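Peer 1: Below is protein33.cif; it holds mmCIF, C-alpha atoms.
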```cif
data_my_file
loop_
_atom_site.group_PDB
_atom_site.id
_atom_site.type_symbol
_atom_site.label_atom_id
_atom_site.label_comp_id
_atom_site.auth_asym_id
_atom_site.auth_seq_id
_atom_site.Cartn_x
_atom_site.Cartn_y
_atom_site.Cartn_z
ATOM 1 C CA MET A 34 -1.675 -139.912 -37.163
ATOM 2 C CA ARG A 35 -4.691 -138.102 -35.844
ATOM 3 C CA SER A 36 -3.892 -139.112 -32.238
ATOM 4 C CA LEU A 37 -0.342 -137.804 -32.699
ATOM 5 C CA TRP A 38 -1.710 -134.466 -33.933
ATOM 6 C CA LEU A 39 -4.123 -134.244 -31.000
ATOM 7 C CA GLY A 40 -1.289 -134.999 -28.593
ATOM 8 C CA GLU A 41 0.830 -132.202 -30.040
ATOM 9 C CA ALA A 42 -2.100 -129.802 -29.925
ATOM 10 C CA SER A 43 -2.762 -130.721 -26.314
ATOM 11 C CA GLU A 44 0.896 -130.113 -25.474
ATOM 12 C CA VAL A 45 0.804 -126.719 -27.203
ATOM 13 C CA LEU A 46 -2.360 -125.822 -25.267
ATOM 14 C CA ARG A 47 -0.768 -126.816 -21.935
ATOM 15 C CA SER A 48 2.334 -124.754 -22.788
ATOM 16 C CA PHE A 49 0.172 -121.760 -23.679
ATOM 17 C CA ILE A 50 -1.809 -122.032 -20.413
ATOM 18 C CA ALA A 51 1.420 -122.274 -18.415
ATOM 19 C CA TRP A 52 2.802 -119.209 -20.203
ATOM 20 C CA LEU A 53 -0.451 -117.284 -19.670
ATOM 21 C CA ASP A 54 -0.451 -118.162 -15.965
ATOM 22 C CA GLY A 55 3.137 -116.934 -15.594
ATOM 23 C CA TYR A 56 2.390 -113.740 -17.504
ATOM 24 C CA LEU A 57 -0.648 -112.972 -15.360
ATOM 25 C CA THR A 58 1.443 -113.579 -12.244
ATOM 26 C CA ARG A 59 4.022 -111.057 -13.427
ATOM 27 C CA ALA A 60 1.811 -108.462 -15.120
ATOM 28 C CA GLY A 61 -1.662 -109.061 -13.672
ATOM 29 C CA VAL A 62 -4.955 -108.711 -15.501
ATOM 30 C CA VAL A 63 -4.170 -105.092 -16.326
ATOM 31 C CA GLY A 64 -1.055 -106.212 -18.180
ATOM 32 C CA LEU A 65 -3.050 -108.745 -20.165
ATOM 33 C CA VAL A 66 -5.631 -106.139 -21.158
ATOM 34 C CA GLU A 67 -2.849 -103.732 -22.098
ATOM 35 C CA GLY A 68 -1.421 -106.362 -24.407
ATOM 36 C CA GLY A 69 -4.814 -106.985 -26.010
ATOM 37 C CA LEU A 70 -5.395 -103.281 -26.561
ATOM 38 C CA GLY A 71 -1.926 -102.999 -28.028
ATOM 39 C CA VAL A 72 -2.756 -105.720 -30.565
ATOM 40 C CA ILE A 73 -6.019 -103.942 -31.441
ATOM 41 C CA ALA A 74 -4.190 -100.655 -31.918
ATOM 42 C CA PHE A 75 -1.549 -102.297 -34.114
ATOM 43 C CA GLY A 76 -4.157 -104.083 -36.223
ATOM 44 C CA GLY A 77 -6.118 -100.865 -36.594
ATOM 45 C CA ALA A 78 -3.016 -99.046 -37.762
ATOM 46 C CA LEU A 79 -2.409 -101.704 -40.446
ATOM 47 C CA SER A 80 -6.036 -101.412 -41.605
ATOM 48 C CA VAL A 81 -5.610 -97.677 -41.997
ATOM 49 C CA VAL A 82 -2.651 -98.259 -44.284
ATOM 50 C CA LEU A 83 -3.907 -101.287 -46.270
ATOM 51 C CA GLY A 84 -7.726 -101.352 -46.061
ATOM 52 C CA ASP A 85 -10.542 -99.650 -48.050
ATOM 53 C CA ALA A 86 -12.384 -96.496 -46.972
ATOM 54 C CA VAL A 87 -14.928 -98.210 -44.705
ATOM 55 C CA ALA A 88 -12.231 -100.359 -43.112
ATOM 56 C CA LYS A 89 -10.042 -97.310 -42.639
ATOM 57 C CA ALA A 90 -12.841 -95.382 -40.909
ATOM 58 C CA GLY A 91 -13.546 -98.292 -38.581
ATOM 59 C CA ALA A 92 -9.844 -98.764 -37.968
ATOM 60 C CA VAL A 93 -9.426 -95.117 -36.978
ATOM 61 C CA VAL A 94 -12.180 -95.500 -34.388
ATOM 62 C CA ALA A 95 -10.618 -98.749 -33.147
ATOM 63 C CA VAL A 96 -7.203 -97.112 -32.846
ATOM 64 C CA LEU A 97 -8.634 -94.142 -30.947
ATOM 65 C CA LEU A 98 -10.585 -96.358 -28.550
ATOM 66 C CA ALA A 99 -7.613 -98.656 -28.030
ATOM 67 C CA SER A 100 -5.305 -95.693 -27.397
ATOM 68 C CA LEU A 101 -7.773 -94.229 -24.898
ATOM 69 C CA GLY A 102 -8.005 -97.594 -23.191
ATOM 70 C CA LEU A 103 -4.240 -97.822 -22.949
ATOM 71 C CA VAL A 104 -4.032 -94.360 -21.396
ATOM 72 C CA LEU A 105 -6.698 -95.244 -18.816
ATOM 73 C CA LEU A 106 -4.981 -98.528 -17.983
ATOM 74 C CA LEU A 107 -1.607 -96.855 -17.603
ATOM 75 C CA ALA A 108 -3.166 -94.320 -15.238
ATOM 76 C CA ALA A 109 -4.771 -97.139 -13.245
ATOM 77 C CA SER A 110 -1.471 -99.027 -13.105
ATOM 78 C CA ARG A 111 0.359 -95.939 -11.882
ATOM 79 C CA ALA A 112 -2.251 -95.327 -9.184
ATOM 80 C CA GLU A 113 -1.993 -98.958 -8.065
ATOM 81 C CA LEU A 114 1.801 -98.731 -7.847
ATOM 82 C CA ARG A 115 1.511 -95.533 -5.808
ATOM 83 C CA ARG A 116 -0.944 -97.218 -3.417
ATOM 84 C CA ARG A 117 1.390 -100.182 -2.986
ATOM 85 C CA SER A 118 4.350 -97.876 -2.382
ATOM 86 C CA GLU A 119 2.436 -95.857 0.220
ATOM 87 C CA LEU A 120 1.316 -99.080 1.918
ATOM 88 C CA CYS A 121 4.889 -100.377 2.111
ATOM 89 C CA GLU A 122 6.127 -97.062 3.554
ATOM 90 C CA ARG A 123 3.276 -96.990 6.079
ATOM 91 C CA LEU A 124 4.016 -100.546 7.214
ATOM 92 C CA LEU A 125 7.746 -99.844 7.441
ATOM 93 C CA ILE A 126 7.277 -96.717 9.527
ATOM 94 C CA GLY A 127 4.727 -98.502 11.715
ATOM 95 C CA HIS A 128 7.216 -101.276 12.514
ATOM 96 C CA CYS A 129 9.980 -98.739 13.180
ATOM 97 C CA ARG A 130 7.664 -96.712 15.416
ATOM 98 C CA ALA A 131 6.860 -99.849 17.409
ATOM 99 C CA PHE A 132 10.580 -100.542 17.743
ATOM 100 C CA LEU A 133 11.177 -97.041 19.080
ATOM 101 C CA GLN A 134 8.346 -97.421 21.586
ATOM 102 C CA ASP A 135 9.995 -100.595 22.850
ATOM 103 C CA ASN A 136 13.352 -98.798 22.968
ATOM 104 C CA GLN A 137 12.470 -95.336 24.252
ATOM 105 C CA SER A 138 16.062 -94.171 24.765
ATOM 106 C CA SER A 139 17.559 -94.905 21.340
ATOM 107 C CA TRP A 140 19.382 -91.572 21.066
ATOM 108 C CA ARG A 141 19.893 -88.322 22.936
ATOM 109 C CA LEU A 142 19.572 -85.108 20.979
ATOM 110 C CA THR A 143 22.421 -82.707 21.799
ATOM 111 C CA ARG A 144 22.040 -79.911 19.223
ATOM 112 C CA TRP A 145 19.204 -78.772 16.957
ATOM 113 C CA ILE A 146 19.988 -75.852 14.615
ATOM 114 C CA GLU A 147 17.207 -74.787 12.231
ATOM 115 C CA HIS A 148 17.115 -71.959 9.689
ATOM 116 C CA GLN A 149 13.780 -71.403 7.919
ATOM 117 C CA ARG A 150 13.180 -68.885 5.138
ATOM 118 C CA ILE A 151 9.628 -67.901 4.235
ATOM 119 C CA ASP A 152 8.623 -66.629 0.786
ATOM 120 C CA ASP A 153 5.863 -64.120 -0.007
ATOM 121 C CA ASN A 154 3.484 -66.918 -1.085
ATOM 122 C CA GLY A 155 3.982 -68.883 2.137
ATOM 123 C CA ASP A 156 6.429 -71.452 0.756
ATOM 124 C CA ALA A 157 9.203 -72.376 3.187
ATOM 125 C CA VAL A 158 12.768 -73.566 2.722
ATOM 126 C CA ALA A 159 14.404 -75.015 5.828
ATOM 127 C CA GLN A 160 17.801 -76.373 6.770
ATOM 128 C CA VAL A 161 18.136 -78.312 10.016
ATOM 129 C CA THR A 162 21.410 -79.583 11.451
ATOM 130 C CA VAL A 163 20.921 -82.386 13.973
ATOM 131 C CA HIS A 164 23.538 -83.733 16.388
ATOM 132 C CA ALA A 165 22.732 -86.686 18.652
ATOM 133 C CA VAL A 166 24.367 -89.493 20.631
ATOM 134 C CA VAL A 167 23.264 -93.125 20.351
ATOM 135 C CA THR A 168 22.086 -94.600 23.666
ATOM 136 C CA CYS A 169 20.870 -98.028 22.500
ATOM 137 C CA ASP A 170 22.992 -100.997 21.442
ATOM 138 C CA ARG A 171 22.865 -100.211 17.716
ATOM 139 C CA LEU A 172 20.879 -97.547 15.867
ATOM 140 C CA ARG A 173 19.850 -98.169 12.249
ATOM 141 C CA PHE A 174 17.566 -95.168 11.630
ATOM 142 C CA TYR A 175 16.564 -91.748 12.963
ATOM 143 C CA ARG A 176 12.931 -90.613 13.110
ATOM 144 C CA PHE A 177 11.524 -87.087 13.182
ATOM 145 C CA CYS A 178 8.157 -85.420 12.515
ATOM 146 C CA VAL A 179 7.490 -82.053 10.949
ATOM 147 C CA GLY A 180 4.272 -80.264 10.038
ATOM 148 C CA SER A 181 2.729 -77.057 8.781
ATOM 149 C CA GLY A 182 0.092 -76.762 11.511
ATOM 150 C CA GLN A 183 -2.672 -77.603 9.034
ATOM 151 C CA ASN A 184 -3.879 -80.652 7.131
ATOM 152 C CA GLN A 185 -2.800 -79.781 3.595
ATOM 153 C CA PRO A 186 -4.332 -81.330 0.450
ATOM 154 C CA LEU A 187 -2.683 -84.287 -1.251
ATOM 155 C CA LYS A 188 -1.602 -82.144 -4.222
ATOM 156 C CA THR A 189 0.461 -79.911 -1.921
ATOM 157 C CA ARG A 190 1.886 -82.830 0.057
ATOM 158 C CA ARG A 191 3.276 -84.405 -3.086
ATOM 159 C CA ARG A 192 5.354 -81.289 -3.719
ATOM 160 C CA VAL A 193 7.045 -81.431 -0.316
ATOM 161 C CA HIS A 194 10.700 -82.385 -0.788
ATOM 162 C CA VAL A 195 12.989 -83.737 1.922
ATOM 163 C CA GLN A 196 16.675 -84.578 1.545
ATOM 164 C CA VAL A 197 19.037 -85.685 4.294
ATOM 165 C CA ARG A 198 22.831 -85.670 4.138
ATOM 166 C CA SER A 199 25.653 -86.389 6.509
ATOM 167 C CA VAL A 200 27.313 -83.205 7.734
ATOM 168 C CA ALA A 201 30.442 -82.328 5.760
ATOM 169 C CA VAL A 202 33.529 -81.489 7.854
ATOM 170 C CA GLU A 203 36.737 -80.428 6.096
ATOM 171 C CA GLY A 204 35.618 -81.969 2.826
ATOM 172 C CA ILE A 205 34.542 -85.308 4.326
ATOM 173 C CA GLY A 206 30.826 -86.120 4.398
ATOM 174 C CA GLY A 207 27.812 -84.695 2.608
ATOM 175 C CA THR A 208 26.521 -87.962 1.126
ATOM 176 C CA ARG A 209 22.761 -88.541 1.045
ATOM 177 C CA HIS A 210 20.873 -90.964 3.284
ATOM 178 C CA GLU A 211 17.906 -93.060 2.194
ATOM 179 C CA VAL A 212 14.661 -91.520 3.435
ATOM 180 C CA THR A 213 11.194 -93.003 4.004
ATOM 181 C CA ARG A 214 8.270 -90.726 4.776
ATOM 182 C CA HIS A 215 4.616 -91.075 5.706
ATOM 183 C CA TRP A 216 1.789 -88.627 6.420
ATOM 184 C CA VAL A 217 -0.043 -89.080 9.714
ATOM 185 C CA ASP A 218 -3.682 -88.153 10.360
ATOM 186 C CA ASP A 219 -2.981 -84.737 11.903
ATOM 187 C CA GLY A 220 -1.186 -83.510 8.748
ATOM 188 C CA ARG A 221 2.370 -84.005 9.964
ATOM 189 C CA MET A 222 5.010 -85.768 7.921
ATOM 190 C CA GLU A 223 6.832 -88.606 9.663
ATOM 191 C CA VAL A 224 10.325 -89.202 8.257
ATOM 192 C CA LEU A 225 12.729 -92.099 8.761
ATOM 193 C CA VAL A 226 16.394 -91.527 7.937
ATOM 194 C CA HIS A 227 18.118 -94.871 7.290
ATOM 195 C CA PHE A 228 21.820 -95.108 8.104
ATOM 196 C CA PRO A 229 24.020 -97.058 5.649
ATOM 197 C CA VAL A 230 25.614 -98.908 8.600
ATOM 198 C CA PRO A 231 24.367 -99.170 12.225
ATOM 199 C CA ILE A 232 25.740 -96.634 14.719
ATOM 200 C CA HIS A 233 26.874 -98.157 18.011
ATOM 201 C CA CYS A 234 26.113 -97.012 21.537
ATOM 202 C CA GLY A 235 28.009 -93.900 22.680
ATOM 203 C CA ASN A 236 28.823 -92.678 19.173
ATOM 204 C CA GLU A 237 27.586 -89.332 17.886
ATOM 205 C CA PHE A 238 25.860 -88.854 14.546
ATOM 206 C CA SER A 239 25.022 -85.647 12.718
ATOM 207 C CA MET A 240 22.928 -84.882 9.653
ATOM 208 C CA LEU A 241 21.728 -81.990 7.538
ATOM 209 C CA ILE A 242 17.995 -82.017 6.759
ATOM 210 C CA GLU A 243 16.957 -79.892 3.765
ATOM 211 C CA MET A 244 13.256 -79.280 3.151
ATOM 212 C CA TYR A 245 11.156 -77.442 0.609
ATOM 213 C CA TRP A 246 7.547 -77.162 1.805
ATOM 214 C CA PRO A 247 4.955 -75.373 -0.381
ATOM 215 C CA ALA A 248 2.420 -73.257 1.514
ATOM 216 C CA LYS A 249 3.883 -74.285 4.874
ATOM 217 C CA SER A 250 3.340 -70.738 6.172
ATOM 218 C CA ALA A 251 0.142 -70.001 4.238
ATOM 219 C CA ARG A 252 -1.595 -69.167 7.515
ATOM 220 C CA LEU A 253 0.970 -66.454 8.257
ATOM 221 C CA MET A 254 1.511 -65.029 4.772
ATOM 222 C CA GLY A 255 -1.820 -65.728 3.043
ATOM 223 C CA ASP A 256 -4.324 -65.366 5.876
ATOM 224 C CA ARG A 257 -2.017 -63.038 7.847
ATOM 225 C CA LEU A 258 -2.850 -64.847 11.073
ATOM 226 C CA PRO A 259 -0.409 -65.643 13.901
ATOM 227 C CA ASP A 260 1.580 -68.833 13.326
ATOM 228 C CA ASP A 261 3.740 -70.981 15.617
ATOM 229 C CA PHE A 262 7.291 -72.096 14.857
ATOM 230 C CA CYS A 263 8.242 -74.781 17.358
ATOM 231 C CA VAL A 264 10.510 -77.747 17.993
ATOM 232 C CA ARG A 265 9.677 -80.567 20.405
ATOM 233 C CA VAL A 266 12.742 -81.241 22.559
ATOM 234 C CA LYS A 267 13.733 -83.374 25.513
ATOM 235 C CA PRO A 268 16.411 -82.423 28.057
ATOM 236 C CA PRO A 269 19.284 -82.401 28.377
ATOM 237 C CA LEU A 270 19.707 -80.445 25.126
ATOM 238 C CA ASN A 271 22.998 -78.591 24.832
ATOM 239 C CA LEU A 272 22.026 -76.138 22.108
ATOM 240 C CA LEU A 273 18.830 -75.058 20.357
ATOM 241 C CA GLU A 274 18.911 -72.497 17.566
ATOM 242 C CA TYR A 275 15.802 -71.643 15.569
ATOM 243 C CA THR A 276 15.772 -68.758 13.071
ATOM 244 C CA VAL A 277 12.806 -67.617 10.971
ATOM 245 C CA VAL A 278 13.517 -65.232 8.074
ATOM 246 C CA LEU A 279 10.572 -63.166 6.834
ATOM 247 C CA PRO A 280 10.149 -61.945 3.238
ATOM 248 C CA ALA A 281 11.568 -58.562 2.340
ATOM 249 C CA GLY A 282 9.259 -55.717 3.342
ATOM 250 C CA GLU A 283 7.526 -57.681 6.114
ATOM 251 C CA GLU A 284 7.867 -57.118 9.857
ATOM 252 C CA ALA A 285 6.355 -59.102 12.684
ATOM 253 C CA PHE A 286 5.639 -59.195 16.410
ATOM 254 C CA TYR A 287 6.767 -62.327 18.251
ATOM 255 C CA ASP A 288 6.237 -64.094 21.575
ATOM 256 C CA PRO A 289 8.039 -67.028 23.238
ATOM 257 C CA ILE A 290 6.416 -70.476 23.356
ATOM 258 C CA GLY A 291 7.305 -72.965 26.091
ATOM 259 C CA PHE A 292 9.551 -70.663 28.148
ATOM 260 C CA ARG A 293 9.566 -67.316 29.906
ATOM 261 C CA SER A 294 11.239 -64.359 28.242
ATOM 262 C CA ASP A 295 13.313 -63.753 31.393
ATOM 263 C CA ASP A 296 14.616 -67.357 31.515
ATOM 264 C CA SER A 297 18.422 -67.158 31.453
ATOM 265 C CA HIS A 298 18.654 -70.344 29.353
ATOM 266 C CA PHE A 299 16.998 -68.625 26.362
ATOM 267 C CA LEU A 300 17.471 -65.581 24.181
ATOM 268 C CA LEU A 301 14.773 -64.456 21.733
ATOM 269 C CA VAL A 302 15.811 -61.556 19.497
ATOM 270 C CA SER A 303 15.010 -59.902 16.177
ATOM 271 C CA ARG A 304 17.397 -58.276 13.728
ATOM 272 C CA CYS A 305 17.632 -57.128 10.122
ATOM 273 C CA ASN A 306 19.978 -59.220 7.970
ATOM 274 C CA SER A 307 22.208 -58.072 5.099
ATOM 275 C CA SER A 308 19.334 -58.513 2.622
ATOM 276 C CA GLY A 309 17.067 -56.202 4.589
ATOM 277 C CA CYS A 310 14.839 -59.014 5.889
ATOM 278 C CA GLN A 311 13.721 -59.422 9.483
ATOM 279 C CA GLU A 312 15.153 -62.477 11.256
ATOM 280 C CA ILE A 313 13.607 -63.749 14.489
ATOM 281 C CA SER A 314 16.025 -66.021 16.342
ATOM 282 C CA LEU A 315 15.691 -68.218 19.399
ATOM 283 C CA VAL A 316 18.836 -69.508 21.105
ATOM 284 C CA GLY A 317 18.661 -71.906 24.028
ATOM 285 C CA ARG A 318 21.626 -73.363 25.949
ATOM 286 C CA ASP A 319 21.516 -76.298 28.352
ATOM 287 C CA VAL A 320 17.769 -76.454 27.765
ATOM 288 C CA PRO A 321 15.975 -77.845 30.859
ATOM 289 C CA ILE A 322 12.443 -77.938 29.382
ATOM 290 C CA ASP A 323 10.682 -81.017 28.000
ATOM 291 C CA GLY A 324 8.160 -80.171 25.277
ATOM 292 C CA ARG A 325 7.470 -77.586 22.565
ATOM 293 C CA LEU A 326 9.820 -74.621 22.325
ATOM 294 C CA GLY A 327 9.717 -71.831 19.819
ATOM 295 C CA MET A 328 7.984 -68.596 18.960
ATOM 296 C CA ARG A 329 4.647 -67.245 17.815
ATOM 297 C CA VAL A 330 4.957 -64.826 14.894
ATOM 298 C CA ASP A 331 2.316 -62.259 13.872
ATOM 299 C CA LEU A 332 2.851 -59.990 10.866
ATOM 300 C CA LYS A 333 2.472 -56.268 11.390
ATOM 301 C CA ARG A 334 0.041 -54.318 9.276
ATOM 302 C CA LYS A 335 1.860 -52.409 6.535
ATOM 303 C CA GLU A 336 0.836 -49.011 7.842
ATOM 304 C CA LEU A 337 1.998 -49.939 11.353
ATOM 305 C CA SER A 338 5.430 -51.278 10.339
#
```
Show the structure stored in the file as structure tokens.
Peer 2:
Amino acid sequence: MRSLWLGEASEVLRSFIAWLDGYLTRAGVVGLVEGGLGVIAFGGALSVVLGDAVAKAGAVVAVLLASLGLVLLLAASRAELRRRSELCERLLIGHCRAFLQDNQSSWRLTRWIEHQRIDDNGDAVAQVTVHAVVTCDRLRFYRFCVGSGQNQPLKTRRRVHVQVRSVAVEGIGGTRHEVTRHWVDDGRMEVLVHFPVPIHCGNEFSMLIEMYWPAKSARLMGDRLPDDFCVRVKPPLNLLEYTVVLPAGEEAFYDPIGFRSDDSHFLLVSRCNSSGCQEISLVGRDVPIDGRLGMRVDLKRKELS
């Protein structure tokens, strides 16, 4: 009888160990500790209801400590998940970058149309319409980089929002694409736009990139120092349009970057829009230049404007 009882106990112990091993595999040590703290908190709550005064006082302390422990563990779990997510995105973008290096001519950009509005506090809202033609066998993603010209703190980076849609034409289109992003060492954001189905060689694709970037123009608006607004292009580019809209009441000087002001391929002008804001616009057609193109903007002093 005793040997039968020992055999059953041994079987129960083996089952418990197998269950514990599976639970740790799924939840990790943090999950196990969370469960233990949860039991402590529950037991402490029962003691508060059913126990005497001393037990209740001790139970209150136990509940508070257990609750604090749970909060700390949840914060640690969230940080660990964020680290894993960032690692996966970094590895994914690294593999895609290597693929692009092995396939330098994956697409040819034909049109880049950007409209960027700057707020008084330096926040920027941008809309970019991209048109390109696939030059490789099949294209599964599109990569671009964008930056603020400064290495912003992590708190600000987390508030940057990027959304990419297909371009809507006569009611067709406008659906969102999956996006993966990663911050590189120089403060730029590297973005991968994943197509739902591969695009074959010779076909054109177009997309609308919408961005909200806090403090992107803090140098211009906060420090009131000259700031550059540029796009890196590669010929042949059929059309480049880049418009910067200043806040109401602000005026600025501007200079060309990457081209001469008398180059017939480019037109750099300033005008006042219907809202009374200054717009500085660059238009380039059949762009022959390889590199950074854009404008340098410098706010005028109030008494000089």
Peer 1: Restricting the calculation to all atoms listed in the file, which member of A:Val226, A:Cys263, A:Met328, A:Ala285 is positioned closest to Leu301 of chain A?
Peer 2: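 The shortest atom-to-atom distance to Leu301 of chain A comes from A:Met328.
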Peer 1: Quote the spacing between atom CA of Ile151 of chain A and atom CA of Phe286 of chain A in Å to one decimal place.
Peer 2: 15.5 Å
Peer 1: Counting all atoms listed in the file, which residue out of A:Asp261, A:Asp323, A:Asp156, A:Asp256 sits closest to Ile290 of chain A?
Peer 2: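 Looking at the shortest contact to Ile290 of chain A, the residue is A:Asp261.
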Peer 1: If you count all atoms listed in the file, which residues fall within 12 Å of Ser294 of chain A, apart from same-chain ones fewer than 5 positions away, as a list of chain:residue names?
Peer 2: A:Tyr287, A:Asp288, A:Pro289, A:Phe299, A:Leu300, A:Leu301, A:Val302, A:Leu315, A:Val316, A:Gly317, A:Leu326, A:Gly327, A:Met328
Peer 1: Could you list, as a PDB file with C-alpha atoms, in the coordinates of the input, every residue within 10 Å of Phe262 of chain A, counting only C-alpha atoms and ignoring same-chain residues fewer than 2 positions away?
Peer 2:
```
ATOM      1  CA  GLN A 149      13.780 -71.403   7.919  1.00  0.00           C
ATOM      2  CA  GLY A 180       4.272 -80.264  10.038  1.00  0.00           C
ATOM      3  CA  SER A 181       2.729 -77.057   8.781  1.00  0.00           C
ATOM      4  CA  GLY A 182       0.092 -76.762  11.511  1.00  0.00           C
ATOM      5  CA  SER A 250       3.340 -70.738   6.172  1.00  0.00           C
ATOM      6  CA  ASP A 260       1.580 -68.833  13.326  1.00  0.00           C
ATOM      7  CA  VAL A 264      10.510 -77.747  17.993  1.00  0.00           C
ATOM      8  CA  TYR A 275      15.802 -71.643  15.569  1.00  0.00           C
ATOM      9  CA  THR A 276      15.772 -68.758  13.071  1.00  0.00           C
ATOM     10  CA  VAL A 277      12.806 -67.617  10.971  1.00  0.00           C
ATOM     11  CA  PRO A 289       8.039 -67.028  23.238  1.00  0.00           C
ATOM     12  CA  ILE A 290       6.416 -70.476  23.356  1.00  0.00           C
ATOM     13  CA  ARG A 325       7.470 -77.586  22.565  1.00  0.00           C
ATOM     14  CA  LEU A 326       9.820 -74.621  22.325  1.00  0.00           C
ATOM     15  CA  GLY A 327       9.717 -71.831  19.819  1.00  0.00           C
ATOM     16  CA  MET A 328       7.984 -68.596  18.960  1.00  0.00           C
ATOM     17  CA  ARG A 329       4.647 -67.245  17.815  1.00  0.00           C
ATOM     18  CA  VAL A 330       4.957 -64.826  14.894  1.00  0.00           C
TER      19      VAL A 330
END
```
Peer 1: Please provide as an MDAnalysis selection string all residues within 6 Å of segment 280-283 of chain A, with the sequence filter that same-chain residues fewer than 2 positions apart are discarded (counting all atoms listed in the file).
Peer 2: chainID A and resid 152:153 310
Peer 1: Within 12 Å of (23.2, -89.5, 5.3) in the file's own coordinates, which protein, DNA or RNA residues have an atom, counting only C-alpha atoms? List them as a PyMOL selection string.
Peer 2: chain A and resi 162-163+173-175+196-201+206-212+225-231+238-243
Peer 1: Have a look at atom CA of Asp319 of chain A and atom CA of Glu237 of chain A and let me know their distance in Å, one decimal.
Peer 2: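 Between these atoms lies a distance of 17.8 Å.
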Peer 1: Can you work out the spacing between atom CA of Cys178 of chain A and atom CA of Ile205 of chain A in Å, to one decimal?
Peer 2: 27.6 Å
Peer 1: Give me the residues within 7 Å of Ser303 of chain A as a ChimeraX atom specification, counting only C-alpha atoms and dropping any in the same chain fewer than 6 places off.
Peer 2: /A:311-314
Peer 1: So, with only C-alpha atoms as the atoms that count, which of A:Met222, A:Ala159, A:Ala251, A:Leu258 lies closest to Val278 of chain A?
Peer 2: A:Ala159
Peer 1: Within 10 Å of Ile232 of chain A, counting all atoms listed in the file, which residues qualify if same-chain residues fewer than 6 places away don't, as an mmCIF file with C-alpha atoms, in the frame of the given file?
Peer 2:
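Written out: part-v6.cif:
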```cif
data_model
loop_
_atom_site.group_PDB
_atom_site.id
_atom_site.type_symbol
_atom_site.label_atom_id
_atom_site.label_comp_id
_atom_site.auth_asym_id
_atom_site.auth_seq_id
_atom_site.Cartn_x
_atom_site.Cartn_y
_atom_site.Cartn_z
ATOM 1 C CA VAL A 166 24.367 -89.493 20.631
ATOM 2 C CA VAL A 167 23.264 -93.125 20.351
ATOM 3 C CA THR A 168 22.086 -94.600 23.666
ATOM 4 C CA CYS A 169 20.870 -98.028 22.500
ATOM 5 C CA ASP A 170 22.992 -100.997 21.442
ATOM 6 C CA ARG A 171 22.865 -100.211 17.716
ATOM 7 C CA LEU A 172 20.879 -97.547 15.867
ATOM 8 C CA ARG A 173 19.850 -98.169 12.249
ATOM 9 C CA PHE A 174 17.566 -95.168 11.630
ATOM 10 C CA PHE A 238 25.860 -88.854 14.546
#
```
